[in-house]
file start03.cif (mmCIF, C-alpha atoms)
data_data
loop_
_atom_site.label_atom_id
_atom_site.label_comp_id
_atom_site.auth_asym_id
_atom_site.auth_seq_id
_atom_site.Cartn_x
_atom_site.Cartn_y
_atom_site.Cartn_z
CA MET A 1 8.33 -96.77 25.66
CA LYS A 2 11.71 -97.54 27.18
CA ASN A 3 11.87 -100.62 25.03
CA TYR A 4 11.38 -98.58 21.89
CA ILE A 5 14.14 -96.17 22.82
CA SER A 6 16.51 -99.02 23.63
CA LEU A 7 15.66 -100.63 20.30
CA ILE A 8 16.43 -97.42 18.41
CA CYS A 9 19.72 -97.00 20.30
CA VAL A 10 20.75 -100.55 19.49
CA PHE A 11 19.87 -100.03 15.82
CA LEU A 12 21.81 -96.75 15.63
CA SER A 13 24.87 -98.29 17.31
CA PHE A 14 24.77 -101.24 14.92
CA TYR A 15 24.35 -98.95 11.90
CA SER A 16 27.28 -96.74 12.86
CA LEU A 17 29.42 -99.81 13.51
CA VAL A 18 28.59 -101.19 10.05
CA SER A 19 29.26 -97.82 8.48
CA CYS A 20 32.67 -97.61 10.10
CA VAL A 21 33.55 -101.06 8.88
CA ASN A 22 32.46 -100.42 5.32
CA LEU A 23 33.98 -97.01 4.84
CA GLU A 24 37.59 -96.06 4.83
CA TYR A 25 37.93 -92.41 5.60
CA TYR A 26 40.80 -90.38 4.24
CA GLU A 27 41.43 -86.88 5.45
CA LEU A 28 43.82 -84.48 3.84
CA ASP A 29 47.21 -84.31 5.53
CA ASP A 30 47.41 -82.28 8.72
CA ASN A 31 50.27 -80.25 7.35
CA GLU A 32 48.40 -79.54 4.13
CA HIS A 33 48.18 -75.79 4.38
CA LEU A 34 46.96 -75.02 0.88
CA PHE A 35 43.42 -76.19 1.37
CA GLU A 36 42.49 -75.13 4.85
CA GLN A 37 39.01 -74.24 3.75
CA ASN A 38 38.59 -77.55 1.96
CA ARG A 39 39.02 -79.74 4.99
CA LEU A 40 35.36 -80.68 4.77
CA PHE A 41 36.00 -82.56 1.56
CA PRO A 42 37.67 -85.79 2.61
CA ARG A 43 37.95 -88.71 0.25
CA PHE A 44 35.86 -91.80 0.92
CA LYS A 45 36.33 -95.30 -0.33
CA THR A 46 33.63 -97.89 0.10
CA LYS A 47 34.75 -101.48 0.18
CA GLY A 48 33.48 -103.83 -2.46
CA GLU A 49 31.82 -101.19 -4.62
CA ASN A 50 32.86 -99.91 -8.00
CA ASN A 51 32.69 -96.26 -9.01
CA SER A 52 33.02 -95.11 -5.47
CA VAL A 53 36.31 -93.27 -5.00
CA ILE A 54 35.59 -89.60 -4.69
CA MET A 55 38.34 -87.18 -5.56
CA ALA A 56 37.76 -83.69 -4.30
CA TYR A 57 39.29 -80.65 -5.95
CA PRO A 58 40.63 -77.41 -4.49
CA ASN A 59 38.57 -74.28 -4.94
CA VAL A 60 39.62 -71.47 -7.22
CA ASP A 61 40.86 -69.20 -4.42
CA SER A 62 43.26 -71.90 -3.21
CA ILE A 63 44.44 -72.43 -6.78
CA MET A 64 45.00 -68.71 -7.31
CA ASN A 65 47.02 -68.52 -4.09
CA SER A 66 49.34 -71.37 -5.02
CA SER A 67 52.86 -70.05 -5.54
CA VAL A 68 53.37 -72.53 -8.39
CA VAL A 69 50.32 -71.18 -10.20
CA ILE A 70 51.16 -67.52 -9.51
CA ALA A 71 54.66 -67.96 -10.96
CA LYS A 72 53.27 -69.65 -14.08
CA MET A 73 50.52 -67.04 -14.56
CA ASP A 74 53.07 -64.22 -14.27
CA ASP A 75 55.28 -66.02 -16.76
CA ALA A 76 52.34 -66.27 -19.19
CA TRP A 77 51.60 -62.55 -18.83
CA ASN A 78 55.25 -61.61 -19.44
CA ARG A 79 55.39 -63.85 -22.49
CA MET A 80 52.23 -62.22 -23.82
CA ILE A 81 53.67 -58.71 -23.33
CA ASN A 82 56.99 -59.67 -24.93
CA SER A 83 55.30 -61.28 -27.92
CA CYS A 84 53.39 -58.11 -28.86
CA THR A 85 54.50 -56.33 -32.02
CA VAL A 86 53.00 -53.50 -34.03
CA ASP A 87 51.48 -56.15 -36.29
CA GLY A 88 49.78 -58.29 -33.69
CA ARG A 89 49.74 -60.18 -30.43
CA ARG A 90 48.97 -63.63 -29.01
CA GLU A 91 47.31 -65.15 -25.94
CA PHE A 92 48.94 -67.67 -23.59
CA GLY A 93 47.39 -70.23 -21.26
CA PHE A 94 47.70 -73.58 -19.53
CA TRP A 95 45.81 -76.26 -17.60
CA ILE A 96 46.12 -76.43 -13.82
CA CYS A 97 46.03 -79.88 -12.18
CA TYR A 98 45.69 -81.26 -8.68
CA ASP A 99 47.63 -84.35 -7.69
CA HIS A 100 45.39 -86.28 -5.28
CA GLU A 101 48.23 -88.52 -4.10
CA ASN A 102 50.54 -85.74 -2.97
CA HIS A 103 47.94 -82.99 -2.50
CA THR A 104 49.92 -80.67 -4.72
CA ILE A 105 48.99 -78.35 -7.52
CA TRP A 106 50.94 -78.46 -10.75
CA CYS A 107 50.66 -76.77 -14.13
CA CYS A 108 50.74 -78.26 -17.61
CA GLU A 109 53.04 -76.81 -20.23
CA MET A 110 52.33 -73.36 -21.59
CA ASP A 111 50.21 -73.08 -24.73
CA SER A 112 50.10 -70.07 -27.03
CA GLY A 113 47.50 -68.92 -29.50
CA PRO A 114 48.17 -67.72 -33.02
CA MET A 115 49.64 -64.29 -33.71
CA VAL A 116 46.63 -62.15 -34.67
CA PRO A 117 46.46 -58.57 -35.95
CA TYR A 118 44.76 -55.98 -33.75
CA PRO A 119 41.43 -55.87 -35.62
CA ASP A 120 41.03 -59.60 -34.90
CA GLY A 121 40.05 -61.26 -31.64
CA GLY A 122 42.79 -63.27 -29.93
CA TYR A 123 42.39 -66.79 -28.54
CA VAL A 124 44.37 -69.76 -27.25
CA ASN A 125 43.28 -73.37 -27.53
CA LEU A 126 44.71 -75.29 -24.61
CA ARG A 127 46.35 -78.59 -25.54
CA GLU A 128 44.38 -81.82 -25.41
CA LEU A 129 44.77 -83.63 -22.10
CA LYS A 130 45.82 -86.97 -23.46
CA THR A 131 46.30 -89.13 -20.38
CA ALA A 132 43.56 -90.27 -18.01
CA LYS A 133 45.65 -88.95 -15.13
CA GLN A 134 45.74 -85.44 -16.58
CA ARG A 135 42.02 -85.50 -17.28
CA ILE A 136 41.22 -86.57 -13.75
CA GLN A 137 43.65 -84.09 -12.24
CA ALA A 138 42.66 -81.00 -14.24
CA CYS A 139 41.14 -78.61 -11.71
CA ALA A 140 41.22 -75.21 -13.47
CA PHE A 141 42.37 -73.47 -16.64
CA PHE A 142 44.18 -70.20 -17.07
CA HIS A 143 44.70 -67.83 -19.98
CA THR A 144 45.72 -64.25 -20.65
CA HIS A 145 44.06 -61.67 -22.80
CA THR A 146 46.32 -59.37 -24.76
CA SER A 147 47.92 -55.99 -24.41
CA PHE A 148 47.08 -53.19 -26.85
CA HIS A 149 50.09 -51.02 -26.06
CA LEU A 150 51.41 -51.35 -29.61
CA ALA A 151 48.01 -51.10 -31.32
CA GLN A 152 46.75 -47.96 -33.08
CA THR A 153 44.93 -45.68 -30.66
CA SER A 154 41.71 -46.09 -32.65
CA TYR A 155 41.35 -49.76 -31.72
CA SER A 156 39.55 -50.79 -28.54
CA ARG A 157 39.15 -54.10 -26.77
CA THR A 158 36.59 -55.21 -24.21
CA THR A 159 38.28 -56.57 -21.08
CA GLY A 160 37.39 -59.36 -18.66
CA PRO A 161 36.15 -62.89 -19.28
CA SER A 162 34.10 -63.10 -22.47
CA THR A 163 30.78 -64.87 -22.90
CA ASP A 164 32.73 -67.68 -24.54
CA ASP A 165 35.18 -67.88 -21.61
CA ASN A 166 32.23 -68.22 -19.24
CA ASN A 167 30.64 -70.84 -21.46
CA LEU A 168 33.83 -72.90 -21.47
CA ALA A 169 34.12 -72.78 -17.68
CA ASN A 170 30.44 -73.33 -16.85
CA ASN A 171 29.21 -75.64 -19.57
CA VAL A 172 32.10 -77.28 -21.41
CA PHE A 173 34.91 -77.94 -18.91
CA LYS A 174 32.83 -77.29 -15.78
CA ILE A 175 35.95 -76.21 -13.90
CA PRO A 176 37.09 -72.76 -12.69
CA GLY A 177 38.64 -70.38 -15.18
CA ILE A 178 41.32 -67.83 -14.28
CA LEU A 179 42.20 -64.87 -16.46
CA TYR A 180 44.83 -62.12 -16.48
CA ASP A 181 43.55 -58.99 -18.20
CA TYR A 182 43.34 -55.24 -17.71
CA PRO A 183 40.57 -53.77 -15.53
CA LEU A 184 37.05 -53.33 -16.86
CA PRO A 185 35.45 -52.16 -19.04
CA ASN A 186 37.84 -51.78 -21.98
CA ILE A 187 41.23 -50.63 -23.22
CA SER A 188 42.30 -48.67 -26.25
CA GLY A 189 45.40 -48.92 -28.38
CA GLY A 190 48.57 -47.23 -27.16
CA HIS A 191 47.89 -47.60 -23.43
CA PRO A 192 51.00 -47.64 -21.21
CA VAL A 193 52.62 -51.07 -21.25
CA GLY A 194 53.71 -51.25 -17.65
CA LYS A 195 50.28 -50.88 -16.14
CA GLN A 196 49.09 -53.50 -13.75
CA HIS A 197 46.78 -56.20 -14.99
CA THR A 198 44.13 -57.71 -12.78
CA ILE A 199 43.05 -61.28 -12.07
CA TYR A 200 39.56 -62.56 -12.91
CA LYS A 201 37.98 -65.83 -11.85
CA PHE A 202 34.92 -67.18 -13.61
CA GLY A 203 32.87 -70.34 -13.83
CA PRO A 204 32.31 -72.71 -10.90
CA ASP A 205 34.22 -72.33 -7.63
CA LYS A 206 35.74 -75.76 -8.04
CA ARG A 207 35.51 -78.90 -10.10
CA SER A 208 32.85 -81.36 -8.90
CA PRO A 209 34.23 -84.43 -7.11
CA HIS A 210 35.37 -87.13 -9.48
CA TYR A 211 33.98 -90.67 -9.07
CA ASN A 212 36.46 -93.25 -10.23
CA MET B 1 25.74 -7.60 -58.26
CA ASN B 2 26.01 -11.33 -58.73
CA MET B 3 28.85 -11.42 -56.23
CA TYR B 4 26.65 -9.72 -53.62
CA ARG B 5 23.87 -12.26 -54.22
CA ILE B 6 26.27 -15.17 -53.74
CA LEU B 7 27.71 -13.59 -50.60
CA LEU B 8 24.25 -12.89 -49.21
CA SER B 9 22.97 -16.40 -49.86
CA THR B 10 26.14 -17.90 -48.36
CA LEU B 11 25.73 -15.79 -45.22
CA LEU B 12 22.06 -16.79 -45.00
CA PHE B 13 22.52 -20.51 -45.50
CA PHE B 14 25.84 -21.06 -43.70
CA PRO B 15 24.30 -21.15 -40.21
CA LEU B 16 21.55 -23.46 -41.52
CA SER B 17 24.09 -25.88 -42.96
CA LEU B 18 25.93 -25.87 -39.62
CA THR B 19 22.80 -26.65 -37.61
CA ALA B 20 21.94 -29.42 -40.06
CA GLN B 21 25.15 -31.25 -39.04
CA VAL B 22 24.51 -31.07 -35.30
CA ILE B 23 21.79 -33.43 -34.19
CA ASN B 24 20.78 -33.17 -30.58
CA LEU B 25 19.19 -36.48 -29.68
CA GLY B 26 18.01 -35.06 -26.35
CA GLN B 27 15.65 -32.75 -28.22
CA MET B 28 14.06 -35.52 -30.27
CA ASN B 29 11.09 -37.54 -29.17
CA LYS B 30 11.76 -41.15 -28.25
CA GLN B 31 10.61 -42.56 -31.58
CA GLU B 32 12.76 -40.20 -33.66
CA ARG B 33 15.76 -40.76 -31.42
CA HIS B 34 15.35 -44.52 -31.60
CA ALA B 35 15.14 -44.38 -35.39
CA TYR B 36 18.27 -42.21 -35.60
CA LEU B 37 20.27 -44.43 -33.22
CA VAL B 38 19.34 -47.59 -35.13
CA LYS B 39 20.13 -46.00 -38.50
CA LYS B 40 23.48 -44.65 -37.29
CA SER B 41 24.38 -47.95 -35.65
CA ILE B 42 23.70 -49.88 -38.84
CA GLU B 43 25.85 -47.37 -40.74
CA VAL B 44 28.74 -47.82 -38.27
CA ILE B 45 28.48 -51.62 -38.35
CA LYS B 46 28.41 -51.76 -42.14
CA ILE B 47 31.50 -49.55 -42.37
CA PHE B 48 33.71 -51.03 -39.62
CA GLY B 49 32.52 -54.61 -39.21
CA PRO B 50 30.13 -55.59 -42.00
CA GLY B 51 30.32 -59.25 -40.98
CA TYR B 52 28.51 -58.40 -37.76
CA TYR B 53 25.45 -56.79 -39.34
CA ARG B 54 22.28 -58.80 -38.60
CA GLU B 55 19.22 -57.66 -40.50
CA GLY B 56 16.05 -57.47 -38.45
CA ALA B 57 17.65 -57.96 -35.03
CA ALA B 58 15.91 -55.63 -32.58
CA PRO B 59 18.54 -53.49 -30.84
CA ILE B 60 18.51 -52.69 -27.14
CA ILE B 61 19.02 -48.99 -26.38
CA SER B 62 20.14 -47.56 -23.03
CA ASP B 63 21.30 -44.11 -21.97
CA TYR B 64 24.37 -43.36 -19.85
CA THR B 65 26.54 -40.49 -18.69
CA HIS B 66 30.20 -40.59 -19.72
CA SER B 67 32.49 -40.87 -16.74
CA PHE B 68 36.23 -41.33 -16.95
CA PHE B 69 37.77 -42.15 -13.61
CA TYR B 70 41.09 -40.54 -12.82
CA ASP B 71 42.31 -43.41 -10.65
CA THR B 72 42.16 -45.98 -13.43
CA LYS B 73 42.68 -43.87 -16.51
CA GLU B 74 46.34 -44.74 -16.96
CA MET B 75 45.47 -48.39 -17.25
CA LEU B 76 42.90 -47.96 -19.96
CA THR B 77 43.93 -45.51 -22.60
CA ALA B 78 46.67 -43.94 -24.64
CA PRO B 79 48.13 -40.76 -23.10
CA GLU B 80 47.00 -38.68 -26.09
CA ILE B 81 43.34 -39.54 -25.70
CA GLU B 82 43.16 -39.28 -21.92
CA PRO B 83 42.52 -35.51 -22.01
CA ILE B 84 39.72 -36.06 -24.52
CA LEU B 85 38.08 -38.62 -22.27
CA VAL B 86 38.42 -36.38 -19.24
CA LYS B 87 37.04 -33.39 -21.17
CA ASN B 88 33.95 -35.40 -22.06
CA ASN B 89 33.09 -36.27 -18.47
CA GLY B 90 29.41 -35.67 -17.83
CA ARG B 91 28.34 -35.90 -21.48
CA LYS B 92 25.36 -38.12 -22.04
CA TYR B 93 25.45 -40.93 -24.56
CA TYR B 94 23.32 -43.81 -25.78
CA GLU B 95 24.44 -47.38 -26.09
CA VAL B 96 22.91 -49.51 -28.82
CA ILE B 97 23.38 -53.25 -28.38
CA CYS B 98 22.74 -55.29 -31.52
CA PRO B 99 22.04 -58.92 -30.64
CA TYR B 100 22.40 -62.08 -32.70
CA ASP B 101 20.74 -65.47 -32.66
CA THR B 102 22.78 -67.39 -30.10
CA LEU B 103 21.09 -70.66 -31.11
CA THR B 104 22.51 -70.60 -34.60
CA GLU B 105 25.71 -68.65 -34.10
CA ARG B 106 28.41 -68.42 -31.43
CA LEU B 107 30.53 -65.29 -31.01
CA SER B 108 32.99 -64.49 -28.22
CA TRP B 109 30.58 -62.00 -26.68
CA ASP B 110 26.80 -62.01 -26.32
CA PHE B 111 26.28 -59.15 -28.79
CA ALA B 112 27.00 -58.74 -32.50
CA ALA B 113 27.88 -55.08 -32.02
CA LYS B 114 27.68 -52.44 -29.30
CA ILE B 115 27.71 -48.80 -30.40
CA LYS B 116 27.96 -45.70 -28.21
CA ILE B 117 26.60 -42.42 -29.59
CA TRP B 118 26.75 -38.95 -27.99
CA GLU B 119 23.40 -37.42 -27.13
CA ASP B 120 24.28 -33.79 -27.90
CA ASP B 121 25.63 -34.24 -31.43
CA GLY B 122 24.59 -37.73 -32.52
CA GLN B 123 28.18 -38.71 -33.33
CA PRO B 124 29.48 -42.26 -32.69
CA ILE B 125 31.96 -42.61 -29.80
CA GLU B 126 32.97 -46.24 -30.11
CA VAL B 127 31.88 -49.53 -31.61
CA ILE B 128 32.77 -52.96 -30.21
CA PHE B 129 31.97 -56.11 -32.18
CA GLY B 130 31.16 -59.67 -31.16
CA ASN B 131 34.83 -60.72 -31.15
CA GLY B 132 35.54 -58.16 -28.42
CA ILE B 133 37.44 -55.77 -30.69
CA GLY B 134 36.29 -52.39 -31.89
CA VAL B 135 37.10 -48.89 -33.03
CA ASN B 136 36.94 -45.71 -30.94
CA PHE B 137 36.55 -42.23 -32.40
CA PHE B 138 38.49 -40.23 -29.83
CA ALA B 139 41.82 -39.70 -31.55
CA ARG B 140 40.43 -39.93 -35.07
CA SER B 141 36.85 -38.74 -35.43
CA TYR B 142 34.13 -40.74 -37.12
CA ASP B 143 33.84 -38.10 -39.86
CA CYS B 144 37.58 -38.28 -40.42
CA TRP B 145 37.38 -42.05 -40.92
CA ILE B 146 34.52 -41.61 -43.37
CA GLN B 147 36.27 -38.89 -45.36
CA GLU B 148 39.54 -40.79 -45.59
CA GLY B 149 37.86 -44.14 -46.17
CA VAL B 150 38.21 -47.34 -44.18
CA LYS B 151 40.55 -49.90 -45.69
CA ASP B 152 39.58 -53.57 -45.61
CA ILE B 153 42.56 -54.36 -43.39
CA GLU B 154 41.32 -51.82 -40.82
CA LYS B 155 37.85 -53.36 -40.57
CA ILE B 156 37.05 -55.72 -37.72
CA LYS B 157 37.07 -59.25 -39.03
CA TYR B 158 34.06 -61.51 -38.56
CA GLN B 159 35.04 -64.33 -36.21
CA LYS B 160 32.82 -67.00 -34.78
CA VAL B 161 33.96 -69.21 -31.92
CA GLU B 162 35.44 -72.45 -33.13
CA MET B 163 35.93 -74.90 -30.32
CA PRO B 164 38.32 -77.84 -30.78
CA GLN B 165 36.45 -81.15 -30.82
CA TYR B 166 38.48 -82.53 -27.92
CA TYR B 167 37.31 -79.70 -25.65
CA ILE B 168 33.83 -81.18 -25.42
CA ASN B 169 34.57 -84.69 -24.18
CA GLN B 170 37.85 -84.67 -22.34
CA LEU B 171 36.70 -83.61 -18.88
CA LYS B 172 33.36 -85.43 -18.77
CA ASP B 173 32.97 -87.53 -15.63
#
call {"tool": "encode", "arguments": {"input": "start03.cif", "output": "structure tokens"}}
result
Amino acid sequence: MKNYISLICVFLSFYSLVSCVNLEYYELDDNEHLFEQNRLFPRFKTKGENNSVIMAYPNVDSIMNSSVVIAKMDDAWNRMINSCTVDGRREFGFWICYDHENHTIWCCEMDSGPMVPYPDGGYVNLRELKTAKQRIQACAFFHTHTSFHLAQTSYSRTTGPSTDDNNLANNVFKIPGILYDYPLPNISGGHPVGKQHTIYKFGPDKRSPHYN
Amino acid sequence: MNMYRILLSTLLFFPLSLTAQVINLGQMNKQERHAYLVKKSIEVIKIFGPGYYREGAAPIISDYTHSFFYDTKEMLTAPEIEPILVKNNGRKYYEVICPYDTLTERLSWDFAAKIKIWEDDGQPIEVIFGNGIGVNFFARSYDCWIQEGVKDIEKIKYQKVEMPQYYINQLKD
């Protein structure tokens, strides 16, 4: 019996030794404060194997708390408000990326949708991510919905992420979506302009790890 | 004598004509009410967003009680219709959701149209279409719209979701 136990111990020691040799273990920086709750997602690299670098992504709460992202989202909302006229309005949005080298979040340039009259639904198509780096780093997408403060009082708009927004986040991009819009369930034309919008998150909590 | 007859018949039939306008859905049986709600919903869709009318789609009907919360009201509505919304607190209404075939068509929302209708008078409150935009009948009543006529430019445009081709492939692992 003792022999068996010794044999198992020897095997386990050998296995752990081999594992340590074959795997390089990268933890996020100690001073990386943005992703405290993501410390369980280190990056691994296995020697001599292809397709094995795993790049983890921050979760949506960390992204929403990034000062860089907050500033850009507020800028998008202000641009949306300022672009409203009595004839129409437009949505704004941008991609949010995570730089795995520096552990920093950054935002792509702002995109804007077409100017649409109030009886039409607004939208913004985010620009195509043309470089491999951008495609690997994209970790979330943001857009605004529009204000109806200059619309006729008879027009209404449903608020919050639409079915299509959810479809984009869950099935097409498979990354978190963030939205600035007014509170649920809907707004009508002529509402006060200065009223506070709210922030919605939809889709997955974070992008799945990327295997390079 | 003729004048008296006209006056008498007017007095007799005036209350009848008034009651004919007011339809209390709460006093109807379920089948009648369902038929009225579907008929009225189709009428509203055809007038305000004809592109969203789907023949044969079975609507889903639910009943609610109107409630307009004071703490959020400033965020939601125009100042002139806030008192109307507050005044209507506690009124019952029905919501008719008209679906569409999501396998063959993609709209921004998962309904072609959603219509709210008051229970006590059968009048439409609001319609929202599949692009998320709609018309409410608080400031300008439904009857007022019908009498004055709805211009094409005021109707809610049919919009399906058109996704750029590059959306589909760019983030695939």
call {"tool": "atom_distance", "arguments": {"input": "start03.cif", "atom1": "atom CA of B:Arg91", "atom2": "atom CA of B:Thr65"}}
result
5.7 Å
call {"tool": "resolve_selection", "arguments": {"input": "start03.cif", "expression": "the PyMOL selection byres ((chain A and resi 85-91) around 7)", "output": "tab-separated table (two decimals) with C-alpha atoms, keeping the file's coordinate frame"}}
result
chain	number	residue	atom	x	y	z
A	80	MET	CA	52.23	-62.22	-23.82
A	83	SER	CA	55.30	-61.28	-27.92
A	84	CYS	CA	53.39	-58.11	-28.86
A	92	PHE	CA	48.94	-67.67	-23.59
A	93	GLY	CA	47.39	-70.23	-21.26
A	112	SER	CA	50.10	-70.07	-27.03
A	113	GLY	CA	47.50	-68.92	-29.50
A	114	PRO	CA	48.17	-67.72	-33.02
A	115	MET	CA	49.64	-64.29	-33.71
A	116	VAL	CA	46.63	-62.15	-34.67
A	117	PRO	CA	46.46	-58.57	-35.95
A	118	TYR	CA	44.76	-55.98	-33.75
A	122	GLY	CA	42.79	-63.27	-29.93
A	123	TYR	CA	42.39	-66.79	-28.54
A	124	VAL	CA	44.37	-69.76	-27.25
A	144	THR	CA	45.72	-64.25	-20.65
A	145	HIS	CA	44.06	-61.67	-22.80
A	146	THR	CA	46.32	-59.37	-24.76
A	150	LEU	CA	51.41	-51.35	-29.61
A	151	ALA	CA	48.01	-51.10	-31.32
call {"tool": "axis_aligned_box", "arguments": {"input": "start03.cif", "around": "stretch 113-127 of chain A", "padding_each_side": "4 Å", "output": "AutoDock Vina command-line options"}}
result
--center_x 44.8 --center_y -67.2 --center_z -30.3 --size_x 17.6 --size_y 30.7 --size_z 19.3
call {"tool": "atom_distance", "arguments": {"input": "start03.cif", "atom1": "atom CA of B:Gly49", "atom2": "atom CA of B:Trp109"}}
result
14.7 Å
call {"tool": "atom_distance", "arguments": {"input": "start03.cif", "atom1": "atom CA of B:Phe48", "atom2": "atom CA of A:Ser162"}}
result
21.0 Å
call {"tool": "interface_residues", "arguments": {"input": "start03.cif", "of": "chain A", "to": "chain B", "cutoff": "9 Å", "atoms": "all atoms listed in the file", "output": "PyMOL selection string"}}
result
chain A and resi 118-122+125-126+128-130+135-136+138+149+153-159+162-165+168+172-175+182-197+210-212
call {"tool": "write_last_selection", "arguments": {"input": "start03.cif", "atoms": "C-alpha atoms", "output": "mmCIF file, keeping the file's coordinate frame"}}
result
data_model
loop_
_atom_site.group_PDB
_atom_site.id
_atom_site.type_symbol
_atom_site.label_atom_id
_atom_site.label_comp_id
_atom_site.auth_asym_id
_atom_site.auth_seq_id
_atom_site.Cartn_x
_atom_site.Cartn_y
_atom_site.Cartn_z
ATOM 1 C CA TYR A 118 44.760 -55.980 -33.750
ATOM 2 C CA PRO A 119 41.430 -55.870 -35.620
ATOM 3 C CA ASP A 120 41.030 -59.600 -34.900
ATOM 4 C CA GLY A 121 40.050 -61.260 -31.640
ATOM 5 C CA GLY A 122 42.790 -63.270 -29.930
ATOM 6 C CA ASN A 125 43.280 -73.370 -27.530
ATOM 7 C CA LEU A 126 44.710 -75.290 -24.610
ATOM 8 C CA GLU A 128 44.380 -81.820 -25.410
ATOM 9 C CA LEU A 129 44.770 -83.630 -22.100
ATOM 10 C CA LYS A 130 45.820 -86.970 -23.460
ATOM 11 C CA ARG A 135 42.020 -85.500 -17.280
ATOM 12 C CA ILE A 136 41.220 -86.570 -13.750
ATOM 13 C CA ALA A 138 42.660 -81.000 -14.240
ATOM 14 C CA HIS A 149 50.090 -51.020 -26.060
ATOM 15 C CA THR A 153 44.930 -45.680 -30.660
ATOM 16 C CA SER A 154 41.710 -46.090 -32.650
ATOM 17 C CA TYR A 155 41.350 -49.760 -31.720
ATOM 18 C CA SER A 156 39.550 -50.790 -28.540
ATOM 19 C CA ARG A 157 39.150 -54.100 -26.770
ATOM 20 C CA THR A 158 36.590 -55.210 -24.210
ATOM 21 C CA THR A 159 38.280 -56.570 -21.080
ATOM 22 C CA SER A 162 34.100 -63.100 -22.470
ATOM 23 C CA THR A 163 30.780 -64.870 -22.900
ATOM 24 C CA ASP A 164 32.730 -67.680 -24.540
ATOM 25 C CA ASP A 165 35.180 -67.880 -21.610
ATOM 26 C CA LEU A 168 33.830 -72.900 -21.470
ATOM 27 C CA VAL A 172 32.100 -77.280 -21.410
ATOM 28 C CA PHE A 173 34.910 -77.940 -18.910
ATOM 29 C CA LYS A 174 32.830 -77.290 -15.780
ATOM 30 C CA ILE A 175 35.950 -76.210 -13.900
ATOM 31 C CA TYR A 182 43.340 -55.240 -17.710
ATOM 32 C CA PRO A 183 40.570 -53.770 -15.530
ATOM 33 C CA LEU A 184 37.050 -53.330 -16.860
ATOM 34 C CA PRO A 185 35.450 -52.160 -19.040
ATOM 35 C CA ASN A 186 37.840 -51.780 -21.980
ATOM 36 C CA ILE A 187 41.230 -50.630 -23.220
ATOM 37 C CA SER A 188 42.300 -48.670 -26.250
ATOM 38 C CA GLY A 189 45.400 -48.920 -28.380
ATOM 39 C CA GLY A 190 48.570 -47.230 -27.160
ATOM 40 C CA HIS A 191 47.890 -47.600 -23.430
ATOM 41 C CA PRO A 192 51.000 -47.640 -21.210
ATOM 42 C CA VAL A 193 52.620 -51.070 -21.250
ATOM 43 C CA GLY A 194 53.710 -51.250 -17.650
ATOM 44 C CA LYS A 195 50.280 -50.880 -16.140
ATOM 45 C CA GLN A 196 49.090 -53.500 -13.750
ATOM 46 C CA HIS A 197 46.780 -56.200 -14.990
ATOM 47 C CA HIS A 210 35.370 -87.130 -9.480
ATOM 48 C CA TYR A 211 33.980 -90.670 -9.070
ATOM 49 C CA ASN A 212 36.460 -93.250 -10.230
#
call {"tool": "resolve_selection", "arguments": {"input": "start03.cif", "expression": "the PyMOL selection byres ((chain A and resi 202) around 8)", "output": "list in words"}}
result
Pro161, Asn166, Ala169, Pro176, Gly177, Ile178, Tyr200, Lys201, Gly203, Pro204 and Asp205 of chain A
call {"tool": "resolve_selection", "arguments": {"input": "start03.cif", "expression": "the PyMOL selection byres ((chain A and resi 66-69) around 8)", "output": "compact mmCIF listing (two decimals) with C-alpha atoms, in the frame of the given file"}}
result
# COMPACT_ATOMS: atom_id res chain seq x y z
CA LEU A 34 46.96 -75.02 0.88
CA SER A 62 43.26 -71.90 -3.21
CA ILE A 63 44.44 -72.43 -6.78
CA MET A 64 45.00 -68.71 -7.31
CA ASN A 65 47.02 -68.52 -4.09
CA ILE A 70 51.16 -67.52 -9.51
CA ALA A 71 54.66 -67.96 -10.96
CA LYS A 72 53.27 -69.65 -14.08
CA MET A 73 50.52 -67.04 -14.56
CA ILE A 96 46.12 -76.43 -13.82
CA ILE A 105 48.99 -78.35 -7.52
CA TRP A 106 50.94 -78.46 -10.75
CA CYS A 107 50.66 -76.77 -14.13
call {"tool": "closest_residue", "arguments": {"input": "start03.cif", "among": "A:Pro209, A:Gln152, A:Asn102, A:Ala76", "to": "A:Leu179", "atoms": "all atoms listed in the file"}}
result
A:Ala76
